Amino acid sequence: MRLKRIAAAISATVLAMTMASCADTGDDGGSGSDGTKAEAGAIDCAPYKAFGDLKGKEVHVYTSIVAPEDQPHIDSYKPFEDCTGAKVKYEGSKEFEAQLLVKVKGGNAPDIAFIPQPGLLQTLVKETGKVVEAPKETAANVDKYWEKSWKEYGSVDGKFYAAPLGANVKSFVWYSPSMFKDKGYEVPKTLDELMKLTEKIAADDKDAKPWCVGFGSGDATGWPGTDWLEDFMLRTAGPDAYDKWVKHETPFNAPEVSKAMDQMGKILKDPKYVNGGFGDVKSIATTTFQDAGQPILDKKCYMHRQASFYAANWPEGTKVAEDGDVFAFYLPGEKADGEKPVLGGGEFVAAFSDRPEVKAFQTYLSSAEWANAKAKSTPGGGWVSANKGLEVENLKSPIDKLSAETLADPKAVFRFDGSDLMPGAVGAGTFWKGMTNWITGADTKSQLDMIEKSWPKK
């Protein structure tokens, strides 16, 4: 860690994530006012001296992360609070995206906001001028612990504002390990092997389909389709072409995009391969993403492409593990070796104040020590970070561990969800609509042309 090198001592103490206080214990052998040594079972506060005395100070955090996911976050702040004297006021809201801009423009900004879309960060910086550049200590942590693209997502016009927080992996295929074992199927290592497996399953099992898929999501119907296209763009066109496409440096309807869409169409538009447990190809549009993977448990389908966060949608009692009822494997690329493109998402820590306590909290959240503390304070699993200092053994669930290993793989090339980076009219508008039209019968060219025409003119 880097705030005046807040280092190894936190690893031994914050990572222990005890809930004990680190208040002074005077002459009883515990930590004195100099924080030289902590009482057994308590946190050593010496490393926190670099943050200064923050007693009586408060940091207001505003986020879309609500109950029950909020409590592990709150618990992970306790070492910072106990050792600095500062208090963190946590406010979660389901209306976060709609209300944050209103709050900031209205002069009622929080100290810190956890922003799930880089596009929203761009809007806040450019439209309000109220986002504060991240302190140098936070920037140093990000340089040390994250793959470089993460810092770019937290930057606007070359200035670094927001460090990454949590992350999710979207490049996963959920499956039943027991079904694969019973049939003698192996996890594919390339896209070609994935297609051959899809063909074999269709030939072997007339009572099921290789894939079950759902694009449904209420007013947001279509977004799972955007993830499919983004994943295939990364694999068939490559990360550089993906970046140009997302930034609109190449047209939305460029030939490489059409190629990627037609490639995934070989799965999604073939009635032999979809939609297990639900119906024909068109049923994909009306099947919700929450329901879409469930037929795996009933042996109605074999595979479901969805993010790591889908783990929360399996019924209570479902064992999510490599030897369990369901698990996931990495959606392979065109080659078994070389770079491994990983599509994902996450949150970013943006500040609207440069008070010392806010800078200190930003730096704490950007450290490997906090990432490990957060993992330990999340006993039910369901959280991971792309922070390379996160120790996998501190994660509680096998899918979280798989996500962390995937993100930390030296061959991994991470790219953020493209629709979240595009202008809202496209990423959360015509792109969703286009994917829905496409899966219900429209051709590739017409939908890519439609989306391209909708891109805002500069």
# chains A, B, ... in the order shown; residues from 1 in each chain; ligands from 1
>>> residues_around(residues="Leu197 of chain A", least_positions_apart="4", cutoff="8 Å", atoms="only C-alpha atoms", output="list of chain:residue names")
A:Tyr185, A:Pro188, A:Glu193, A:Ile201
>>> write_last_selection(atoms="N, CA and C atoms", output="short mmCIF file (atom, residue, chain, number, x, y, z; two decimals), in the first residue's frame")
data_model
loop_
_atom_site.label_atom_id
_atom_site.label_comp_id
_atom_site.auth_asym_id
_atom_site.auth_seq_id
_atom_site.Cartn_x
_atom_site.Cartn_y
_atom_site.Cartn_z
N TYR A 185 -18.31 -35.12 -21.45
CA TYR A 185 -17.96 -33.85 -22.09
C TYR A 185 -16.86 -33.14 -21.31
N PRO A 188 -14.65 -26.83 -22.94
CA PRO A 188 -13.95 -26.41 -24.16
C PRO A 188 -12.88 -25.35 -23.88
N GLU A 193 -13.93 -25.45 -30.19
CA GLU A 193 -14.32 -26.58 -29.34
C GLU A 193 -15.70 -26.35 -28.73
N ILE A 201 -23.84 -32.01 -28.21
CA ILE A 201 -24.95 -32.07 -27.25
C ILE A 201 -26.28 -32.17 -27.98
#
>>> atom_distance(atom1="atom CA of Gly238 of chain A", atom2="atom CA of Pro164 of chain A")
23.5 Å
>>> residues_around(residues="Leu421 of chain A", least_positions_apart="6", cutoff="8 Å", atoms="only C-alpha atoms", output="VMD selection string")
chain A and resid 117 to 119 246 to 247 427
>>> write_last_selection(atoms="C-alpha atoms", output="short mmCIF file (atom, residue, chain, number, x, y, z; two decimals), in the first residue's frame")
data_model
loop_
_atom_site.label_atom_id
_atom_site.label_comp_id
_atom_site.auth_asym_id
_atom_site.auth_seq_id
_atom_site.Cartn_x
_atom_site.Cartn_y
_atom_site.Cartn_z
CA GLN A 117 -20.67 3.00 -15.05
CA PRO A 118 -17.63 4.84 -16.41
CA GLY A 119 -20.07 6.67 -18.68
CA VAL A 246 -16.82 1.25 -28.04
CA LYS A 247 -15.32 4.73 -28.54
CA GLY A 427 -25.71 1.72 -24.62
#
>>> closest_residue(among="A:Ala412, A:Ala321, A:Val384, A:Ala285", to="Asn437 of chain A", atoms="only C-alpha atoms")
A:Ala285
>>> closest_atom_pairs(of="segment 253-315 of chain A", to="segment 206-217 of chain A", cutoff="10 Å", atoms="only C-alpha atoms", output="tab-separated table")
residue	atom	partner	partner_atom	distance
A:Ile267	CA	A:Trp211	CA	8.1
A:Leu268	CA	A:Val213	CA	8.0
A:Pro271	CA	A:Lys209	CA	8.9
A:Lys272	CA	A:Lys209	CA	7.0
A:Tyr273	CA	A:Pro210	CA	5.3
A:Val274	CA	A:Trp211	CA	5.1
A:Asn275	CA	A:Cys212	CA	4.7
A:Gly276	CA	A:Lys209	CA	4.7
A:Gly277	CA	A:Cys212	CA	7.2
A:Phe278	CA	A:Cys212	CA	7.8
A:Gly279	CA	A:Cys212	CA	9.4
A:Val281	CA	A:Val213	CA	9.0
A:Lys282	CA	A:Gly214	CA	9.9
A:Ser283	CA	A:Gly214	CA	7.8
A:Ile284	CA	A:Gly214	CA	4.7
A:Ala285	CA	A:Phe215	CA	5.0
A:Thr286	CA	A:Gly216	CA	5.2
A:Thr287	CA	A:Gly214	CA	4.5
A:Thr288	CA	A:Gly216	CA	3.9
A:Phe289	CA	A:Gly214	CA	4.6
A:Gln290	CA	A:Gly214	CA	7.9
A:Asp291	CA	A:Gly214	CA	7.4
A:Ala292	CA	A:Gly214	CA	4.9
A:Gly293	CA	A:Cys212	CA	6.1
A:Gln294	CA	A:Cys212	CA	8.4
A:Pro295	CA	A:Cys212	CA	7.2
A:Ile296	CA	A:Cys212	CA	8.0
A:Asp298	CA	A:Ala208	CA	9.5
A:Lys299	CA	A:Ala208	CA	6.8
A:Lys300	CA	A:Ala208	CA	4.5
A:Cys301	CA	A:Lys209	CA	4.8
A:Tyr302	CA	A:Pro210	CA	5.0
A:Met303	CA	A:Trp211	CA	4.8
A:His304	CA	A:Cys212	CA	5.5
A:Arg305	CA	A:Val213	CA	7.4
A:Gln306	CA	A:Val213	CA	8.9
>>> closest_residue(among="A:Val187, A:Met233, A:Leu395, A:Cys45", to="Glu322 of chain A", atoms="only C-alpha atoms")
A:Val187
>>> select_by_dssp(residues="segment 153-323 of chain A", states="strand (DSSP E or B)", output="list in words")
Ser155, Val156, Lys159, Phe160, Ala163, Pro164, Leu165, Gly166, Ala167, Asn168, Val169, Phe172, Val173, Trp174, Tyr175, Lys209, Pro210, Trp211, Gly216, Thr288, Cys301, Tyr302, Met303, His304, Arg305 and Val320 of chain A
>>> select_by_dssp(residues="segment 217-449 of chain A", states="helix (DSSP H, G or I)", output="CSV table (one decimal) with N, CA and C atoms, in the first residue's frame")
chain,number,residue,atom,x,y,z
A,218,GLY,N,-37.3,-6.6,-18.0
A,218,GLY,CA,-38.2,-5.4,-17.9
A,218,GLY,C,-37.9,-4.3,-18.9
A,219,ASP,N,-37.8,-3.1,-18.3
A,219,ASP,CA,-37.5,-2.0,-19.2
A,219,ASP,C,-36.1,-2.0,-19.8
A,220,ALA,N,-35.2,-2.9,-19.2
A,220,ALA,CA,-33.9,-3.0,-19.7
A,220,ALA,C,-33.7,-4.3,-20.6
A,223,TRP,N,-30.3,-6.1,-22.6
A,223,TRP,CA,-28.9,-6.0,-22.2
A,223,TRP,C,-28.1,-7.3,-22.2
A,224,PRO,N,-28.7,-8.4,-21.8
A,224,PRO,CA,-27.9,-9.7,-21.9
A,224,PRO,C,-27.4,-9.9,-23.3
A,225,GLY,N,-28.1,-9.5,-24.3
A,225,GLY,CA,-27.7,-9.7,-25.7
A,225,GLY,C,-26.5,-8.8,-26.0
A,226,THR,N,-26.4,-7.6,-25.4
A,226,THR,CA,-25.2,-6.8,-25.6
A,226,THR,C,-24.0,-7.4,-25.0
A,227,ASP,N,-24.1,-8.1,-23.9
A,227,ASP,CA,-23.0,-8.8,-23.3
A,227,ASP,C,-22.5,-9.9,-24.3
A,228,TRP,N,-23.4,-10.7,-24.9
A,228,TRP,CA,-23.0,-11.7,-25.8
A,228,TRP,C,-22.2,-11.1,-26.9
A,229,LEU,N,-22.7,-10.0,-27.5
A,229,LEU,CA,-22.0,-9.4,-28.6
A,229,LEU,C,-20.6,-8.8,-28.2
A,230,GLU,N,-20.6,-8.2,-27.0
A,230,GLU,CA,-19.3,-7.7,-26.5
A,230,GLU,C,-18.3,-8.8,-26.3
A,231,ASP,N,-18.7,-9.9,-25.7
A,231,ASP,CA,-17.8,-11.1,-25.5
A,231,ASP,C,-17.3,-11.6,-26.9
A,232,PHE,N,-18.2,-11.7,-27.9
A,232,PHE,CA,-17.7,-12.2,-29.1
A,232,PHE,C,-16.9,-11.2,-29.9
A,233,MET,N,-17.1,-9.9,-29.7
A,233,MET,CA,-16.3,-8.9,-30.3
A,233,MET,C,-14.8,-9.0,-29.8
A,234,LEU,N,-14.7,-9.2,-28.5
A,234,LEU,CA,-13.4,-9.4,-27.9
A,234,LEU,C,-12.7,-10.6,-28.4
A,235,ARG,N,-13.4,-11.6,-28.7
A,235,ARG,CA,-12.8,-12.9,-29.2
A,235,ARG,C,-12.5,-13.0,-30.7
A,236,THR,N,-13.4,-12.4,-31.5
A,236,THR,CA,-13.2,-12.6,-32.9
A,236,THR,C,-12.5,-11.4,-33.5
A,239,PRO,N,-9.2,-7.1,-28.6
A,239,PRO,CA,-9.3,-5.9,-27.7
A,239,PRO,C,-9.2,-4.6,-28.3
A,240,ASP,N,-8.2,-4.4,-29.2
A,240,ASP,CA,-8.0,-3.1,-29.9
A,240,ASP,C,-9.2,-2.7,-30.7
A,241,ALA,N,-9.7,-3.7,-31.5
A,241,ALA,CA,-10.9,-3.4,-32.3
A,241,ALA,C,-12.1,-3.1,-31.4
A,242,TYR,N,-12.2,-3.8,-30.3
A,242,TYR,CA,-13.3,-3.6,-29.4
A,242,TYR,C,-13.2,-2.2,-28.8
A,243,ASP,N,-12.0,-1.7,-28.5
A,243,ASP,CA,-11.9,-0.4,-27.9
A,243,ASP,C,-12.3,0.7,-28.9
A,244,LYS,N,-11.9,0.5,-30.2
A,244,LYS,CA,-12.3,1.5,-31.2
A,244,LYS,C,-13.8,1.5,-31.4
A,245,TRP,N,-14.4,0.3,-31.4
A,245,TRP,CA,-15.8,0.2,-31.6
A,245,TRP,C,-16.6,0.9,-30.4
A,246,VAL,N,-16.2,0.6,-29.2
A,246,VAL,CA,-16.8,1.2,-28.0
A,246,VAL,C,-16.7,2.8,-28.1
A,255,PRO,N,-17.5,-4.0,-40.3
A,255,PRO,CA,-17.6,-5.5,-40.7
A,255,PRO,C,-17.2,-6.4,-39.6
A,256,GLU,N,-16.3,-6.0,-38.7
A,256,GLU,CA,-15.9,-6.9,-37.6
A,256,GLU,C,-17.0,-7.1,-36.6
A,257,VAL,N,-17.9,-6.1,-36.5
A,257,VAL,CA,-19.0,-6.2,-35.6
A,257,VAL,C,-20.0,-7.2,-36.2
A,258,SER,N,-20.3,-7.0,-37.5
A,258,SER,CA,-21.2,-7.9,-38.2
A,258,SER,C,-20.7,-9.4,-38.1
A,259,LYS,N,-19.4,-9.6,-38.2
A,259,LYS,CA,-18.8,-10.9,-38.1
A,259,LYS,C,-19.0,-11.5,-36.7
A,260,ALA,N,-18.8,-10.7,-35.7
A,260,ALA,CA,-19.0,-11.2,-34.3
A,260,ALA,C,-20.5,-11.6,-34.0
A,261,MET,N,-21.4,-10.7,-34.6
A,261,MET,CA,-22.8,-11.0,-34.3
A,261,MET,C,-23.3,-12.2,-35.1
A,262,ASP,N,-22.8,-12.4,-36.3
A,262,ASP,CA,-23.1,-13.6,-37.0
A,262,ASP,C,-22.5,-14.9,-36.4
A,263,GLN,N,-21.4,-14.7,-35.8
A,263,GLN,CA,-20.7,-15.9,-35.1
A,263,GLN,C,-21.6,-16.3,-33.9
A,264,MET,N,-22.0,-15.3,-33.1
A,264,MET,CA,-22.8,-15.7,-32.0
A,264,MET,C,-24.2,-16.2,-32.4
A,265,GLY,N,-24.6,-15.7,-33.6
A,265,GLY,CA,-25.9,-16.1,-34.2
A,265,GLY,C,-25.9,-17.6,-34.5
A,266,LYS,N,-24.7,-18.2,-34.8
A,266,LYS,CA,-24.6,-19.6,-35.1
A,266,LYS,C,-25.1,-20.4,-33.9
A,267,ILE,N,-25.1,-19.8,-32.7
A,267,ILE,CA,-25.6,-20.5,-31.5
A,267,ILE,C,-27.1,-20.0,-31.3
A,268,LEU,N,-27.2,-18.7,-31.1
A,268,LEU,CA,-28.5,-18.1,-30.6
A,268,LEU,C,-29.6,-18.2,-31.6
A,283,SER,N,-38.3,-17.1,-28.0
A,283,SER,CA,-38.5,-17.1,-26.6
A,283,SER,C,-37.4,-16.5,-25.8
A,284,ILE,N,-36.2,-16.3,-26.4
A,284,ILE,CA,-35.1,-15.7,-25.7
A,284,ILE,C,-35.4,-14.3,-25.3
A,285,ALA,N,-36.2,-13.6,-26.2
A,285,ALA,CA,-36.5,-12.2,-25.9
A,285,ALA,C,-37.5,-12.0,-24.7
A,286,THR,N,-38.3,-13.0,-24.4
A,286,THR,CA,-39.3,-12.9,-23.3
A,286,THR,C,-38.8,-13.7,-22.1
A,289,PHE,N,-33.5,-12.8,-17.7
A,289,PHE,CA,-32.1,-13.3,-17.5
A,289,PHE,C,-32.0,-14.1,-16.1
A,290,GLN,N,-32.9,-13.7,-15.2
A,290,GLN,CA,-32.9,-14.4,-13.9
A,290,GLN,C,-33.3,-15.8,-14.0
A,291,ASP,N,-34.3,-16.1,-14.9
A,291,ASP,CA,-34.8,-17.4,-15.1
A,291,ASP,C,-34.0,-18.3,-16.1
A,292,ALA,N,-33.3,-17.6,-16.9
A,292,ALA,CA,-32.7,-18.2,-18.1
A,292,ALA,C,-31.8,-19.4,-17.8
A,294,GLN,N,-31.9,-21.5,-15.2
A,294,GLN,CA,-32.5,-22.5,-14.3
A,294,GLN,C,-32.8,-23.9,-14.9
A,295,PRO,N,-33.1,-24.0,-16.2
A,295,PRO,CA,-33.3,-25.3,-16.8
A,295,PRO,C,-32.1,-26.3,-16.7
A,296,ILE,N,-30.9,-25.7,-16.4
A,296,ILE,CA,-29.7,-26.6,-16.2
A,296,ILE,C,-30.0,-27.6,-15.0
A,308,SER,N,-20.7,-13.7,-13.4
A,308,SER,CA,-20.4,-14.3,-12.1
A,308,SER,C,-21.6,-14.0,-11.1
A,309,PHE,N,-22.2,-12.8,-11.3
A,309,PHE,CA,-23.3,-12.4,-10.3
A,309,PHE,C,-24.5,-13.3,-10.5
A,310,TYR,N,-24.6,-14.1,-11.5
A,310,TYR,CA,-25.7,-15.0,-11.7
A,310,TYR,C,-25.8,-16.0,-10.5
A,311,ALA,N,-24.7,-16.2,-9.8
A,311,ALA,CA,-24.6,-17.1,-8.7
A,311,ALA,C,-25.8,-16.9,-7.7
A,312,ALA,N,-26.2,-15.6,-7.6
A,312,ALA,CA,-27.2,-15.2,-6.6
A,312,ALA,C,-28.6,-15.7,-7.1
A,313,ASN,N,-28.7,-16.1,-8.3
A,313,ASN,CA,-30.1,-16.5,-8.9
A,313,ASN,C,-30.4,-18.0,-8.7
A,356,PRO,N,-9.2,15.9,4.2
A,356,PRO,CA,-8.2,14.9,4.5
A,356,PRO,C,-8.9,13.5,4.8
A,357,GLU,N,-10.0,13.5,5.5
A,357,GLU,CA,-10.7,12.2,5.8
A,357,GLU,C,-11.2,11.5,4.6
A,358,VAL,N,-11.6,12.3,3.6
A,358,VAL,CA,-12.1,11.8,2.4
A,358,VAL,C,-11.0,11.2,1.6
A,359,LYS,N,-9.9,11.9,1.5
A,359,LYS,CA,-8.7,11.4,0.8
A,359,LYS,C,-8.2,10.1,1.4
A,360,ALA,N,-8.2,10.1,2.8
A,360,ALA,CA,-7.7,8.9,3.5
A,360,ALA,C,-8.6,7.7,3.2
A,361,PHE,N,-9.9,7.9,3.2
A,361,PHE,CA,-10.9,6.8,2.9
A,361,PHE,C,-10.7,6.3,1.5
A,362,GLN,N,-10.6,7.2,0.6
A,362,GLN,CA,-10.3,6.8,-0.8
A,362,GLN,C,-9.1,5.9,-0.9
A,363,THR,N,-8.1,6.3,-0.3
A,363,THR,CA,-6.8,5.5,-0.3
A,363,THR,C,-7.0,4.1,0.3
A,364,TYR,N,-7.7,4.1,1.5
A,364,TYR,CA,-8.0,2.8,2.1
A,364,TYR,C,-8.8,1.9,1.2
A,365,LEU,N,-9.8,2.4,0.5
A,365,LEU,CA,-10.6,1.6,-0.4
A,365,LEU,C,-9.8,1.1,-1.6
A,368,ALA,N,-4.9,-3.1,-1.3
A,368,ALA,CA,-5.1,-4.5,-1.3
A,368,ALA,C,-5.6,-5.0,0.0
A,369,GLU,N,-5.2,-4.2,1.1
A,369,GLU,CA,-5.6,-4.6,2.4
A,369,GLU,C,-7.1,-4.4,2.6
A,370,TRP,N,-7.7,-3.4,2.0
A,370,TRP,CA,-9.1,-3.3,2.1
A,370,TRP,C,-9.8,-4.4,1.3
A,371,ALA,N,-9.3,-4.7,0.1
A,371,ALA,CA,-9.9,-5.8,-0.7
A,371,ALA,C,-10.0,-7.1,0.1
A,372,ASN,N,-8.9,-7.4,0.8
A,372,ASN,CA,-8.9,-8.6,1.6
A,372,ASN,C,-9.8,-8.5,2.8
A,373,ALA,N,-9.9,-7.3,3.4
A,373,ALA,CA,-10.8,-7.1,4.5
A,373,ALA,C,-12.2,-7.3,4.0
A,374,LYS,N,-12.5,-6.8,2.9
A,374,LYS,CA,-13.9,-6.9,2.3
A,374,LYS,C,-14.2,-8.3,2.0
A,375,ALA,N,-13.3,-9.1,1.5
A,375,ALA,CA,-13.5,-10.5,1.2
A,375,ALA,C,-13.9,-11.2,2.5
A,376,LYS,N,-13.1,-10.9,3.6
A,376,LYS,CA,-13.3,-11.6,4.8
A,376,LYS,C,-14.6,-11.2,5.5
A,392,VAL,N,-6.8,-14.9,-2.9
A,392,VAL,CA,-8.0,-15.8,-3.3
A,392,VAL,C,-8.5,-16.6,-2.2
A,393,GLU,N,-7.7,-17.0,-1.3
A,393,GLU,CA,-8.1,-17.8,-0.1
A,393,GLU,C,-9.0,-17.1,0.8
A,394,ASN,N,-9.1,-15.8,0.7
A,394,ASN,CA,-10.0,-15.0,1.6
A,394,ASN,C,-11.4,-14.9,1.1
A,398,PRO,N,-16.6,-20.7,-4.2
A,398,PRO,CA,-15.8,-21.1,-5.4
A,398,PRO,C,-16.0,-20.2,-6.6
A,399,ILE,N,-17.2,-19.7,-6.9
A,399,ILE,CA,-17.3,-18.8,-8.0
A,399,ILE,C,-16.6,-17.5,-7.9
A,400,ASP,N,-16.6,-17.0,-6.6
A,400,ASP,CA,-15.8,-15.8,-6.4
A,400,ASP,C,-14.3,-16.1,-6.6
A,401,LYS,N,-13.9,-17.2,-6.1
A,401,LYS,CA,-12.4,-17.6,-6.3
A,401,LYS,C,-12.1,-17.7,-7.8
A,402,LEU,N,-13.0,-18.3,-8.6
A,402,LEU,CA,-12.8,-18.5,-10.0
A,402,LEU,C,-12.7,-17.1,-10.7
A,403,SER,N,-13.6,-16.2,-10.2
A,403,SER,CA,-13.6,-14.8,-10.8
A,403,SER,C,-12.3,-14.1,-10.5
A,404,ALA,N,-11.8,-14.2,-9.3
A,404,ALA,CA,-10.6,-13.6,-8.9
A,404,ALA,C,-9.4,-14.2,-9.7
A,405,GLU,N,-9.4,-15.5,-9.8
A,405,GLU,CA,-8.3,-16.1,-10.6
A,405,GLU,C,-8.3,-15.7,-12.0
A,406,THR,N,-9.5,-15.6,-12.6
A,406,THR,CA,-9.7,-15.2,-14.0
A,406,THR,C,-9.2,-13.7,-14.2
A,407,LEU,N,-9.5,-12.9,-13.3
A,407,LEU,CA,-9.1,-11.5,-13.4
A,407,LEU,C,-7.6,-11.3,-13.2
A,408,ALA,N,-7.0,-12.1,-12.3
A,408,ALA,CA,-5.6,-12.0,-12.0
A,408,ALA,C,-4.7,-12.8,-12.9
A,418,GLY,N,-19.1,-2.8,-22.8
A,418,GLY,CA,-19.1,-1.8,-23.8
A,418,GLY,C,-20.3,-0.9,-23.7
A,419,SER,N,-21.5,-1.5,-23.4
A,419,SER,CA,-22.7,-0.7,-23.4
A,419,SER,C,-22.7,0.3,-22.3
A,420,ASP,N,-22.0,0.0,-21.2
A,420,ASP,CA,-21.8,1.0,-20.1
A,420,ASP,C,-20.9,2.1,-20.4
A,421,LEU,N,-20.1,1.9,-21.4
A,421,LEU,CA,-19.1,3.0,-21.8
A,421,LEU,C,-19.7,3.9,-22.9
A,424,GLY,N,-25.5,7.0,-23.3
A,424,GLY,CA,-26.7,6.4,-22.8
A,424,GLY,C,-27.8,6.1,-23.9
A,425,ALA,N,-27.9,6.9,-24.9
A,425,ALA,CA,-28.9,6.7,-25.9
A,425,ALA,C,-28.7,5.5,-26.7
A,426,VAL,N,-27.4,5.1,-26.8
A,426,VAL,CA,-27.0,3.9,-27.5
A,426,VAL,C,-26.9,2.7,-26.5
A,427,GLY,N,-26.0,2.8,-25.5
A,427,GLY,CA,-25.7,1.7,-24.6
A,427,GLY,C,-26.9,1.2,-23.8
A,428,ALA,N,-27.8,2.1,-23.4
A,428,ALA,CA,-29.0,1.7,-22.7
A,428,ALA,C,-30.2,2.0,-23.5
A,429,GLY,N,-30.1,2.1,-24.8
A,429,GLY,CA,-31.2,2.4,-25.7
A,429,GLY,C,-31.3,1.6,-26.9
A,430,THR,N,-30.7,2.1,-28.0
A,430,THR,CA,-30.8,1.4,-29.3
A,430,THR,C,-30.1,0.1,-29.3
A,431,PHE,N,-29.0,0.0,-28.5
A,431,PHE,CA,-28.3,-1.3,-28.4
A,431,PHE,C,-29.1,-2.4,-27.8
A,432,TRP,N,-29.8,-2.1,-26.7
A,432,TRP,CA,-30.8,-3.0,-26.1
A,432,TRP,C,-31.9,-3.4,-27.1
A,433,LYS,N,-32.4,-2.4,-27.8
A,433,LYS,CA,-33.5,-2.6,-28.7
A,433,LYS,C,-33.1,-3.4,-29.9
A,434,GLY,N,-31.9,-3.1,-30.4
A,434,GLY,CA,-31.4,-3.8,-31.6
A,434,GLY,C,-31.2,-5.3,-31.3
A,435,MET,N,-30.7,-5.6,-30.1
A,435,MET,CA,-30.4,-7.0,-29.8
A,435,MET,C,-31.8,-7.8,-29.6
A,436,THR,N,-32.8,-7.1,-29.1
A,436,THR,CA,-34.1,-7.7,-29.0
A,436,THR,C,-34.7,-7.9,-30.3
A,437,ASN,N,-34.6,-6.9,-31.2
A,437,ASN,CA,-35.2,-7.1,-32.6
A,437,ASN,C,-34.5,-8.2,-33.3
A,438,TRP,N,-33.2,-8.3,-33.1
A,438,TRP,CA,-32.3,-9.3,-33.8
A,438,TRP,C,-32.7,-10.7,-33.4
A,439,ILE,N,-32.9,-10.9,-32.1
A,439,ILE,CA,-33.2,-12.3,-31.7
A,439,ILE,C,-34.7,-12.7,-32.0
A,444,THR,N,-28.9,-9.1,-39.1
A,444,THR,CA,-27.8,-8.4,-38.5
A,444,THR,C,-27.6,-7.0,-39.0
A,445,LYS,N,-27.6,-6.9,-40.4
A,445,LYS,CA,-27.2,-5.6,-41.0
A,445,LYS,C,-28.2,-4.5,-40.6
A,446,SER,N,-29.5,-4.8,-40.6
A,446,SER,CA,-30.5,-3.8,-40.3
A,446,SER,C,-30.4,-3.2,-38.9
A,447,GLN,N,-30.1,-4.1,-38.0
A,447,GLN,CA,-30.0,-3.7,-36.6
A,447,GLN,C,-28.7,-2.9,-36.3
A,448,LEU,N,-27.6,-3.4,-36.9
A,448,LEU,CA,-26.3,-2.6,-36.7
A,448,LEU,C,-26.4,-1.3,-37.4
A,449,ASP,N,-27.1,-1.2,-38.5
A,449,ASP,CA,-27.3,0.1,-39.2
A,449,ASP,C,-28.1,1.0,-38.3
>>> closest_residue(among="A:Asn253, A:Glu81, A:Ala109, A:Asp323", to="Ser454 of chain A", atoms="only C-alpha atoms")
A:Asn253
>>> atom_distance(atom1="atom CA of Val326 of chain A", atom2="atom CA of Asn168 of chain A")
18.0 Å
>>> closest_residue(among="A:Leu331, A:Val88, A:Cys83, A:Ala46", to="Glu58 of chain A", atoms="only C-alpha atoms")
A:Val88
>>> atom_distance(atom1="atom CA of Ala167 of chain A", atom2="atom CA of Phe80 of chain A")
21.9 Å
>>> closest_residue(among="A:Ala386, A:Ile112, A:Leu120, A:Ala328", to="Val142 of chain A", atoms="only C-alpha atoms")
A:Ala386
>>> closest_residue(among="A:Lys136, A:Lys396, A:Lys170, A:Lys457", to="Arg415 of chain A", atoms="only C-alpha atoms")
A:Lys170
>>> residues_around(residues="Thr378 of chain A", least_positions_apart="5", cutoff="9 Å", atoms="only C-alpha atoms", output="ChimeraX atom specification")
/A:69,71-73,75-76,373,383,395-396
>>> residues_around(residues="Lys144 of chain A", least_positions_apart="6", cutoff="12 Å", atoms="only C-alpha atoms", output="VMD selection string")
chain A and resid 1 to 2 137 to 138 150 to 151 163 366 to 368 386 to 389
>>> decode(residues="segment 198-208 of chain A", atoms="N, CA and C atoms", output="PDB file, in the first residue's frame")
ATOM      1  N   THR A 198     -21.354 -27.863 -28.657  1.00  0.00           N
ATOM      2  CA  THR A 198     -22.756 -27.494 -28.873  1.00  0.00           C
ATOM      3  C   THR A 198     -23.410 -28.460 -29.872  1.00  0.00           C
ATOM      4  N   GLU A 199     -22.717 -28.749 -30.955  1.00  0.00           N
ATOM      5  CA  GLU A 199     -23.233 -29.670 -31.972  1.00  0.00           C
ATOM      6  C   GLU A 199     -23.406 -31.080 -31.408  1.00  0.00           C
ATOM      7  N   LYS A 200     -22.444 -31.521 -30.602  1.00  0.00           N
ATOM      8  CA  LYS A 200     -22.501 -32.881 -30.044  1.00  0.00           C
ATOM      9  C   LYS A 200     -23.654 -33.033 -29.057  1.00  0.00           C
ATOM     10  N   ILE A 201     -23.842 -32.012 -28.208  1.00  0.00           N
ATOM     11  CA  ILE A 201     -24.948 -32.075 -27.246  1.00  0.00           C
ATOM     12  C   ILE A 201     -26.277 -32.167 -27.982  1.00  0.00           C
ATOM     13  N   ALA A 202     -26.437 -31.345 -29.045  1.00  0.00           N
ATOM     14  CA  ALA A 202     -27.680 -31.366 -29.819  1.00  0.00           C
ATOM     15  C   ALA A 202     -27.930 -32.738 -30.438  1.00  0.00           C
ATOM     16  N   ALA A 203     -26.859 -33.392 -30.854  1.00  0.00           N
ATOM     17  CA  ALA A 203     -26.998 -34.715 -31.464  1.00  0.00           C
ATOM     18  C   ALA A 203     -27.246 -35.802 -30.421  1.00  0.00           C
ATOM     19  N   ASP A 204     -26.661 -35.639 -29.237  1.00  0.00           N
ATOM     20  CA  ASP A 204     -26.728 -36.675 -28.204  1.00  0.00           C
ATOM     21  C   ASP A 204     -28.042 -36.687 -27.428  1.00  0.00           C
ATOM     22  N   ASP A 205     -28.612 -35.522 -27.187  1.00  0.00           N
ATOM     23  CA  ASP A 205     -29.746 -35.416 -26.257  1.00  0.00           C
ATOM     24  C   ASP A 205     -30.921 -34.723 -26.928  1.00  0.00           C
ATOM     25  N   LYS A 206     -31.913 -35.488 -27.314  1.00  0.00           N
ATOM     26  CA  LYS A 206     -33.084 -34.939 -27.986  1.00  0.00           C
ATOM     27  C   LYS A 206     -34.095 -34.341 -27.002  1.00  0.00           C
ATOM     28  N   ASP A 207     -33.893 -34.560 -25.711  1.00  0.00           N
ATOM     29  CA  ASP A 207     -34.816 -34.040 -24.699  1.00  0.00           C
ATOM     30  C   ASP A 207     -34.334 -32.737 -24.074  1.00  0.00           C
ATOM     31  N   ALA A 208     -33.194 -32.238 -24.531  1.00  0.00           N
ATOM     32  CA  ALA A 208     -32.644 -31.001 -23.991  1.00  0.00           C
ATOM     33  C   ALA A 208     -31.992 -30.213 -25.120  1.00  0.00           C
TER      34      ALA A 208
END
